[in-house]
Amino acid sequence: MSPMLIKPAFDIRSSEITDKTLYVNRREFIRAMTATAAAGAGLLAGPGAVVEAAEPAPHGRKLDKLRKSPLSVTDEKPNSWEQITTYNNYYEFGIEKDSAAIYAHTLKTEPWKVVVEGECNKPASYTLEDILKGETLEERIYRLRCVERWSMVVPWVGFPLANFIKRCEPTSKAKFVEFHTLNDPAQMPGVRVPVLRWPYKEGLRMDEAMHPLTILAVGLYGEVMPKQDGAPIRVVVPWKYGFKSGKSIVRIRFVEQEPLNTWKLSAAQEYGFYSNVNPSRDHPRWSQATERRIGEFFMRKTLMFNGYGNQVASLYAGMDLQRNY
Amino acid sequence: MTSGQAIRLVLKPAVFIAGLGPAGWLAWAIATGHLSPNPLSDLTNETGLWTLRFVCITLAVTPLRRLTGWNALIRFRRMVGLFAFFYGTLHFLTYVIADRFAGLDFPNGIVAWSTVGNLLVSIGDDIYKRPYITVGFTAFTCMVPLAATSTAGMIRRLGGRRWQALHRLIYGSAVAGVLHYWWLVKADLSSPQRYALIVGFLLLFRLLWARFRGAAPAAARSQALTGS
């Protein structure tokens, strides 16, 4: 019986009955607050990000006469076309994983030019055709490890970056190579927002750039590179975190000093210049010891240099990789 | 139909169904493959965002009631708050399963006591080591006593005043939740900033309201004294 008596008392507590003197102030208070409240309600509804499966990239032109490469991964199944073309970071099109899949169709990849400049004997503006002239395209099935703890296996098509660098004839002063991604607000909605300092810049030490594993990729699954994956030409460095591999390259610069890459510029304590995949060097905010292969539930152990240690560990002999992260 | 009946028979069930909406939608999206190629990450992000949204809605009840004078709004607050806890629980469980359990070693097979121990160590370690996990866990922990004392019986047992004091924990939960979100994003802070703004406004409103309310009787008194 007592609950029946007590319960209504909680429905309207005396403290909740509006004090009469309040009416005087309420009107002013409401005027001051309503606008802000409305703005707040709008904001709450605004970021209602609904996850939607983005459409996979349309299939492009087949690339002929591909050579298989002994450097390809053989014992791991590549991720699907759908996975590779709907899930990646390409901030020039937006910060969500499906932003590139949704917006990259506006990217105009023909004609395409890459400006080569800096410490080299052949600075010029190269067309994509120039760059591909005389190159034999290879299939390179590589592991890709994102700094965010997910990974994929990607069947790229490309050729060694070293081939192109040799054609540019870098001078003895060229110690590093810098890569710039296209920065065009008309084609790339993401660069209209200053999330990062545009254009996106990445760089490699000369020996890293000349390493046989480092490629300029122009295709995926035997087809022309889908726009969301960095068409028409991008860098792929498989032993480093994904962000080191610049997409849609428009400028290659040979320099003497270590370039300041975009993510290092954004947060130097989190992203260094080297950014080699390293399970024993945690990101300040999360562990890098494990990774989720897209499509799997249980995580895998992340491998030193993303499993390419045999080929690349010698590049870093004697270096403290905890400090040079 | 009285307004009390309208609330009980129509509006409350409607709010309840709406509150289940995001969970239902997520369940449907998982079942039909409408999430991204990394569905566990989507699940983590979405349940986290909905927790924050329901915390904001819960915190908005009192200011809205004050502004509109529609006191019946209070009757929805418990339900909305429990939905915040519901999504918070889903978010925490997703983290435990998809982020901690899935990353374990299973030296004695998956079904083993060592799995339980390793899981607890892995969770504890993460909470201790990673500040964004620490605040996220704090935000969730703050909600547990609120959900546990949400029944009429518990309100009665605690007494209104003590109950109310305890439930101020939601302020801490909201602030910790926003911080959790803020600290986990990589570069674009615009979304956590939006939530910080909303939570900041909802808390500031309370402060200002308390001030105005405190000032009002004094103003009335001085008016009476001067005889105007």
# chains A, B, ... in the order shown; residues from 1 in each chain; ligands from 1
$ interface_residues --of "chain B" --to "chain A" --cutoff "8 Å" --atoms "only C-alpha atoms" --output "CSV table (one decimal) with C-alpha atoms, in the first residue's frame"
chain,number,residue,atom,x,y,z
B,34,HIS,CA,25.2,-3.7,-45.4
B,35,LEU,CA,28.2,-2.7,-43.3
B,36,SER,CA,31.6,-1.9,-44.7
B,37,PRO,CA,34.3,-4.6,-45.2
B,38,ASN,CA,35.3,-4.0,-41.6
B,42,ASP,CA,31.5,-0.1,-37.9
B,53,ARG,CA,23.7,10.6,-28.7
B,67,LEU,CA,12.5,26.1,-21.6
B,75,ARG,CA,8.6,10.9,-17.8
B,98,ALA,CA,36.1,-7.7,-31.3
B,102,ALA,CA,39.8,-11.5,-31.0
B,103,GLY,CA,43.4,-10.3,-30.3
B,104,LEU,CA,44.2,-13.0,-27.7
B,130,ARG,CA,45.6,3.8,-23.2
B,131,PRO,CA,44.1,7.1,-22.0
B,132,TYR,CA,41.2,7.1,-24.5
B,152,ALA,CA,11.1,3.4,-8.6
B,160,GLY,CA,15.0,11.7,-3.8
B,184,LEU,CA,40.6,8.4,-30.5
B,187,ALA,CA,43.0,14.1,-37.5
B,188,ASP,CA,39.5,15.4,-38.0
B,191,SER,CA,32.6,15.4,-34.9
B,194,ARG,CA,30.2,18.9,-32.1
B,195,TYR,CA,29.5,16.6,-29.2
B,197,LEU,CA,29.7,21.7,-27.9
B,198,ILE,CA,26.4,20.0,-27.2
B,201,PHE,CA,25.9,23.7,-23.7
B,212,PHE,CA,19.2,32.7,-12.5
B,213,ARG,CA,17.1,30.8,-10.1
B,216,ALA,CA,15.5,35.6,-8.8
B,217,PRO,CA,14.3,35.6,-5.2
B,220,ALA,CA,12.1,40.0,-5.9
$ residues_around --residues "Asn276 in chain A" --least-positions-apart "6" --cutoff "7 Å" --atoms "only C-alpha atoms" --output "PyMOL selection string"
chain A and resi 239-241+305+325
$ write_last_selection --atoms "C-alpha atoms" --output "mmCIF file, in the first residue's frame"
data_model
loop_
_atom_site.group_PDB
_atom_site.id
_atom_site.type_symbol
_atom_site.label_atom_id
_atom_site.label_comp_id
_atom_site.auth_asym_id
_atom_site.auth_seq_id
_atom_site.Cartn_x
_atom_site.Cartn_y
_atom_site.Cartn_z
ATOM 1 C CA TRP A 239 56.944 -2.751 -45.468
ATOM 2 C CA LYS A 240 55.691 0.622 -44.236
ATOM 3 C CA TYR A 241 52.312 1.689 -42.888
ATOM 4 C CA PHE A 305 58.544 -4.804 -41.578
ATOM 5 C CA TYR A 325 59.614 5.363 -35.945
#
$ residues_around --residues "range 99-109 of chain A" --least-positions-apart "3" --cutoff "7 Å" --atoms "only C-alpha atoms" --output "list in words"
Ala54, Glu55, Pro56, Ala57, Thr85, Thr86, Tyr90, Phe93, Gly94, Ile95, Glu96, Trp112, Gln187, Lys227, Gln228, Ala231 and Pro232 of chain A
$ write_last_selection --atoms "C-alpha atoms" --output "PDB file, in the first residue's frame"
ATOM      1  CA  ALA A  54      29.684   1.921 -50.821  1.00  0.00           C
ATOM      2  CA  GLU A  55      29.564   0.565 -54.339  1.00  0.00           C
ATOM      3  CA  PRO A  56      32.701  -1.263 -55.471  1.00  0.00           C
ATOM      4  CA  ALA A  57      34.663   0.427 -58.239  1.00  0.00           C
ATOM      5  CA  THR A  85      37.787  -0.598 -53.595  1.00  0.00           C
ATOM      6  CA  THR A  86      35.316   0.292 -50.833  1.00  0.00           C
ATOM      7  CA  TYR A  90      42.008   8.656 -49.002  1.00  0.00           C
ATOM      8  CA  PHE A  93      37.889  12.565 -50.766  1.00  0.00           C
ATOM      9  CA  GLY A  94      36.798  12.601 -47.128  1.00  0.00           C
ATOM     10  CA  ILE A  95      37.737  11.043 -43.827  1.00  0.00           C
ATOM     11  CA  GLU A  96      35.481   7.999 -43.864  1.00  0.00           C
ATOM     12  CA  TRP A 112      47.822  13.003 -66.265  1.00  0.00           C
ATOM     13  CA  GLN A 187      37.856  17.160 -58.038  1.00  0.00           C
ATOM     14  CA  LYS A 227      40.150   5.989 -58.844  1.00  0.00           C
ATOM     15  CA  GLN A 228      39.574   5.387 -55.130  1.00  0.00           C
ATOM     16  CA  ALA A 231      44.654   6.286 -59.890  1.00  0.00           C
ATOM     17  CA  PRO A 232      46.283   6.715 -62.198  1.00  0.00           C
TER      18      PRO A 232
END
$ residues_around --residues "Leu93 in chain B" --least-positions-apart "6" --cutoff "10 Å" --atoms "only C-alpha atoms" --output "count of residues only"
5
$ atom_distance --atom1 "CA of Phe179 in chain A" --atom2 "CA of Asn89 in chain A"
17.2 Å
